[in-house]
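Novice: mmCIF, C-alpha atoms, file protein-v6.cif:
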```
data_entry
loop_
_atom_site.group_PDB
_atom_site.id
_atom_site.type_symbol
_atom_site.label_atom_id
_atom_site.label_comp_id
_atom_site.auth_asym_id
_atom_site.auth_seq_id
_atom_site.Cartn_x
_atom_site.Cartn_y
_atom_site.Cartn_z
ATOM 1 C CA MET I 110 177.625 116.136 144.240
ATOM 2 C CA SER I 111 180.099 118.416 142.509
ATOM 3 C CA ARG I 112 183.114 119.934 144.164
ATOM 4 C CA HIS I 113 183.789 123.606 143.601
ATOM 5 C CA VAL I 114 187.283 124.882 144.146
ATOM 6 C CA GLY I 115 187.686 128.450 145.382
ATOM 7 C CA THR I 116 185.386 130.955 143.722
ATOM 8 C CA CYS I 117 184.836 129.277 140.349
ATOM 9 C CA ARG I 118 181.249 128.190 141.208
ATOM 10 C CA GLY I 119 180.260 125.495 138.796
ATOM 11 C CA ARG I 120 182.650 126.250 135.957
ATOM 12 C CA VAL I 121 186.144 125.106 135.143
ATOM 13 C CA CYS I 122 188.749 127.266 136.842
ATOM 14 C CA ARG I 123 191.655 128.729 134.988
ATOM 15 C CA ALA I 124 195.126 128.327 136.477
ATOM 16 C CA GLY I 125 195.461 130.447 139.596
ATOM 17 C CA GLU I 126 191.864 131.668 139.534
ATOM 18 C CA ALA I 127 190.750 129.497 142.444
ATOM 19 C CA LEU I 128 193.558 130.878 144.577
ATOM 20 C CA GLY I 129 192.688 134.465 143.743
ATOM 21 C CA LEU I 130 195.882 135.032 141.774
ATOM 22 C CA PRO I 131 195.789 137.605 138.994
ATOM 23 C CA LEU I 132 195.114 136.112 135.608
ATOM 24 C CA ARG I 133 197.135 136.663 132.487
ATOM 25 C CA GLY I 134 196.681 140.187 131.208
ATOM 26 C CA ASP I 135 195.876 141.676 134.610
ATOM 27 C CA ILE I 136 199.456 142.111 135.765
ATOM 28 C CA GLY I 137 201.436 142.038 132.545
ATOM 29 C CA LEU I 138 204.909 140.588 132.809
ATOM 30 C CA ALA I 139 205.430 141.564 136.441
ATOM 31 C CA PRO I 140 206.331 138.098 137.810
ATOM 32 C CA PHE I 141 208.854 137.459 135.041
ATOM 33 C CA SER I 142 210.451 140.879 135.226
ATOM 34 C CA GLN I 143 210.564 140.672 139.008
ATOM 35 C CA GLY I 144 212.384 137.352 138.784
ATOM 36 C CA VAL I 145 214.882 138.681 136.258
ATOM 37 C CA ALA I 146 215.440 141.824 138.356
ATOM 38 C CA LEU I 147 216.006 139.632 141.419
ATOM 39 C CA VAL I 148 218.557 137.494 139.550
ATOM 40 C CA THR I 149 220.257 140.679 138.329
ATOM 41 C CA CYS I 150 220.396 142.026 141.888
ATOM 42 C CA ILE I 151 221.788 138.747 143.241
ATOM 43 C CA CYS I 152 224.470 138.617 140.523
ATOM 44 C CA PHE I 153 225.562 142.182 141.222
ATOM 45 C CA ALA I 154 225.537 141.662 145.010
ATOM 46 C CA ALA I 155 227.376 138.332 144.895
ATOM 47 C CA SER I 156 230.126 139.726 142.705
ATOM 48 C CA LYS I 157 230.506 142.809 144.930
ATOM 49 C CA SER I 158 229.855 145.119 141.987
ATOM 50 C CA HIS I 159 229.520 148.869 142.198
ATOM 51 C CA GLU I 160 226.854 150.011 144.668
ATOM 52 C CA ALA I 161 224.890 151.785 141.953
ATOM 53 C CA PHE I 162 224.366 148.494 140.101
ATOM 54 C CA ILE I 163 223.038 146.792 143.228
ATOM 55 C CA ALA I 164 220.874 149.765 144.228
ATOM 56 C CA LEU I 165 219.214 150.026 140.814
ATOM 57 C CA ALA I 166 218.447 146.305 140.620
ATOM 58 C CA SER I 167 217.134 146.266 144.213
ATOM 59 C CA MET I 168 214.975 149.296 143.559
ATOM 60 C CA GLU I 169 213.441 147.653 140.484
ATOM 61 C CA VAL I 170 212.685 144.472 142.456
ATOM 62 C CA VAL I 171 210.876 146.489 145.134
ATOM 63 C CA ILE I 172 208.938 148.673 142.669
ATOM 64 C CA THR I 173 207.883 145.683 140.579
ATOM 65 C CA LEU I 174 206.792 143.845 143.722
ATOM 66 C CA LEU I 175 204.715 146.853 144.781
ATOM 67 C CA PHE I 176 202.994 147.047 141.383
ATOM 68 C CA PHE I 177 202.360 143.275 141.508
ATOM 69 C CA LEU I 178 200.770 143.598 144.962
ATOM 70 C CA LEU I 179 198.786 146.638 143.826
ATOM 71 C CA TYR I 180 197.166 144.690 140.988
ATOM 72 C CA TRP I 181 196.889 141.423 142.933
ATOM 73 C CA LEU I 182 195.073 143.003 145.865
ATOM 74 C CA LYS I 183 193.010 145.112 143.437
ATOM 75 C CA LEU I 184 194.078 148.310 145.151
ATOM 76 C CA ASP I 185 194.173 150.057 141.770
ATOM 77 C CA LYS I 186 190.373 149.909 141.749
ATOM 78 C CA LYS I 187 190.152 151.427 145.236
ATOM 79 C CA MET I 188 192.760 154.146 144.744
ATOM 80 C CA LYS I 189 191.445 155.922 141.665
ATOM 81 C CA PHE I 190 193.380 159.153 142.168
ATOM 82 C CA LEU I 191 196.118 157.850 139.855
ATOM 83 C CA PHE I 192 195.839 156.045 136.548
ATOM 84 C CA TRP I 193 197.925 153.020 137.567
ATOM 85 C CA PRO I 194 198.567 151.415 134.148
ATOM 86 C CA LEU I 195 200.101 154.664 132.933
ATOM 87 C CA ALA I 196 202.240 154.871 136.085
ATOM 88 C CA ASP I 197 203.353 151.298 135.404
ATOM 89 C CA ILE I 198 204.336 152.267 131.849
ATOM 90 C CA PHE I 199 206.343 155.266 133.095
ATOM 91 C CA ASN I 200 208.093 153.037 135.638
ATOM 92 C CA SER I 201 209.013 150.550 132.927
ATOM 93 C CA LEU I 202 210.321 153.221 130.560
ATOM 94 C CA ILE I 203 212.413 154.909 133.254
ATOM 95 C CA ALA I 204 213.780 151.493 134.251
ATOM 96 C CA VAL I 205 214.695 150.868 130.598
ATOM 97 C CA VAL I 206 216.756 154.060 130.420
ATOM 98 C CA PHE I 207 218.591 153.404 133.682
ATOM 99 C CA PHE I 208 219.170 149.712 133.040
ATOM 100 C CA ILE I 209 220.564 150.317 129.543
ATOM 101 C CA ILE I 210 223.157 152.678 131.001
ATOM 102 C CA VAL I 211 224.017 150.544 134.024
ATOM 103 C CA CYS I 212 224.058 147.196 132.242
ATOM 104 C CA LEU I 213 226.163 148.430 129.355
ATOM 105 C CA CYS I 214 228.636 149.821 131.905
ATOM 106 C CA ALA I 215 228.581 146.490 133.756
ATOM 107 C CA ILE I 216 229.201 144.536 130.548
ATOM 108 C CA ILE I 217 231.982 146.862 129.410
ATOM 109 C CA ILE I 218 233.697 146.889 132.840
ATOM 110 C CA LYS I 219 233.149 143.144 133.512
ATOM 111 C CA THR I 220 235.368 143.150 136.591
ATOM 112 C CA THR I 221 233.999 139.740 137.571
ATOM 113 C CA THR I 222 231.862 137.097 135.962
ATOM 114 C CA GLY I 223 228.975 138.038 138.271
ATOM 115 C CA THR I 224 229.048 141.608 137.002
ATOM 116 C CA LEU I 225 228.984 140.376 133.409
ATOM 117 C CA VAL I 226 226.102 137.966 134.100
ATOM 118 C CA GLY I 227 224.218 140.681 135.996
ATOM 119 C CA GLY I 228 224.657 143.006 133.020
ATOM 120 C CA VAL I 229 223.306 140.388 130.626
ATOM 121 C CA PHE I 230 220.292 139.705 132.849
ATOM 122 C CA GLY I 231 219.798 143.450 133.148
ATOM 123 C CA LEU I 232 219.642 143.754 129.362
ATOM 124 C CA LEU I 233 217.117 140.896 129.357
ATOM 125 C CA LEU I 234 215.136 142.943 131.885
ATOM 126 C CA VAL I 235 215.291 145.912 129.495
ATOM 127 C CA GLY I 236 213.608 143.779 126.835
ATOM 128 C CA LEU I 237 210.937 142.612 129.280
ATOM 129 C CA CYS I 238 210.247 146.190 130.383
ATOM 130 C CA VAL I 239 209.859 147.342 126.772
ATOM 131 C CA VAL I 240 207.470 144.479 125.969
ATOM 132 C CA ASP I 241 205.518 145.139 129.173
ATOM 133 C CA SER I 242 205.204 148.840 128.300
ATOM 134 C CA VAL I 243 203.981 148.089 124.795
ATOM 135 C CA LEU I 244 201.437 145.520 126.006
ATOM 136 C CA LEU I 245 200.116 147.843 128.703
ATOM 137 C CA PHE I 246 199.925 150.803 126.344
ATOM 138 C CA ARG I 247 197.901 148.748 123.849
ATOM 139 C CA LYS I 248 195.400 147.880 126.602
ATOM 140 C CA ILE I 249 194.865 151.500 127.654
ATOM 141 C CA THR I 250 191.862 153.228 126.139
ATOM 142 C CA PHE I 251 191.813 156.952 126.726
ATOM 143 C CA ASN I 252 188.405 157.741 125.251
ATOM 144 C CA GLU I 253 186.367 154.787 126.546
ATOM 145 C CA PRO I 254 185.000 154.096 130.028
ATOM 146 C CA ARG I 255 187.161 151.980 132.326
ATOM 147 C CA GLY I 256 186.070 148.510 133.337
ATOM 148 C CA ARG I 257 185.309 145.155 131.831
ATOM 149 C CA ASN I 258 181.562 145.611 131.337
ATOM 150 C CA VAL I 259 181.842 147.596 128.146
ATOM 151 C CA THR I 260 179.563 146.229 125.423
ATOM 152 C CA THR I 261 181.066 145.536 122.024
ATOM 153 C CA LYS I 262 179.294 145.405 118.714
#
```
Please express the file's structure as structure tokens.
Specialist:
Amino acid sequence: MSRHVGTCRGRVCRAGEALGLPLRGDIGLAPFSQGVALVTCICFAASKSHEAFIALASMEVVITLLFFLLYWLKLDKKMKFLFWPLADIFNSLIAVVFFIIVCLCAIIIKTTTGTLVGGVFGLLLVGLCVVDSVLLFRKITFNEPRGRNVTTK
């Protein structure tokens, strides 16, 4: 008698698949960038930095969490009125522009160590957002049908 975990049904499950978690490639770098944005927000808040620094980092945490939930709950397949991967790319690119400005200001000002550390983590987040945008853009096909059941030759 074989035991089947979750929804794998007779085959070996990949990490997280039995729990219904999104697999690699479905959500991009969202968990990593959300963690870095959270650390950035905590550093700025703990050091009592300028409100704009805290607001930008908090906003990125919330937006990244919403995109993560959107892909995890597969709401992007139900709400087809917007092309969600492209919206995710625009979010990442806008975050890059804002975080470059804010984090460079935070590093230059460096009123406290927390502000400096928050600025460094923010620049790390800039790199993650750029990589996430590039990876998502490479997955987008504009002239082919959407879905995973496309036959290849």
Novice: Leu232 (chain I): which residues within 8 Å, counting all atoms listed in the file, same-chain residues fewer than 6 positions away excluded, as a ChimeraX atom specification?
Specialist: /I:208-209,212
Novice: Identify which of the residues I:Val229, I:Leu184, I:Val145, I:Leu179 lies closest to Ala166 (chain I), counting all atoms listed in the file when measuring atom-to-atom distances.
Specialist: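 Among the listed residues, I:Val145 lies closest to Ala166 (chain I).
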Novice: I need the residue nearest Ala161 (chain I) from this list: I:Ile216, I:Val235, I:Phe207, I:Asp241. Use all atoms listed in the file for the distance.
Specialist: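 Using all atoms listed in the file, the shortest distance to Ala161 (chain I) belongs to I:Phe207.
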Novice: Which one of I:Ile218, I:Leu233, I:Ile172, I:Leu191 sits closest to His159 (chain I) if you count all atoms listed in the file?
Specialist: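 Of the candidates, the smallest distance to His159 (chain I) is held by I:Ile218.
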Novice: I would like the residues chosen by the PyMOL selection byres ((chain I and resi 164) around 12) on the shown file; could you give them as a list of chain:residue names?
Specialist: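 Selected by the PyMOL selection byres ((chain I and resi 164) around 12) here: I:Ala146, I:Leu147, I:Thr149, I:Cys150, I:Ile151, I:Phe153, I:Ala154, I:Lys157, I:Ser158, I:His159, I:Glu160, I:Ala161, I:Phe162, I:Ile163, I:Leu165, I:Ala166, I:Ser167, I:Met168, I:Glu169, I:Val170, I:Val171, I:Phe207, I:Phe208, I:Val211.
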Novice: May I ask for the distance between CA of Leu237 (chain I) and CA of Ala196 (chain I), given in Å to one decimal place?
Specialist: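 Pair CA of Leu237 (chain I) / CA of Ala196 (chain I) returns 16.5 Å.
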Novice: Please report the interatomic distance between CA of Ser142 (chain I) and CA of Leu195 (chain I) in Å with one decimal.
Specialist: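 These two atoms are separated by 17.4 Å.
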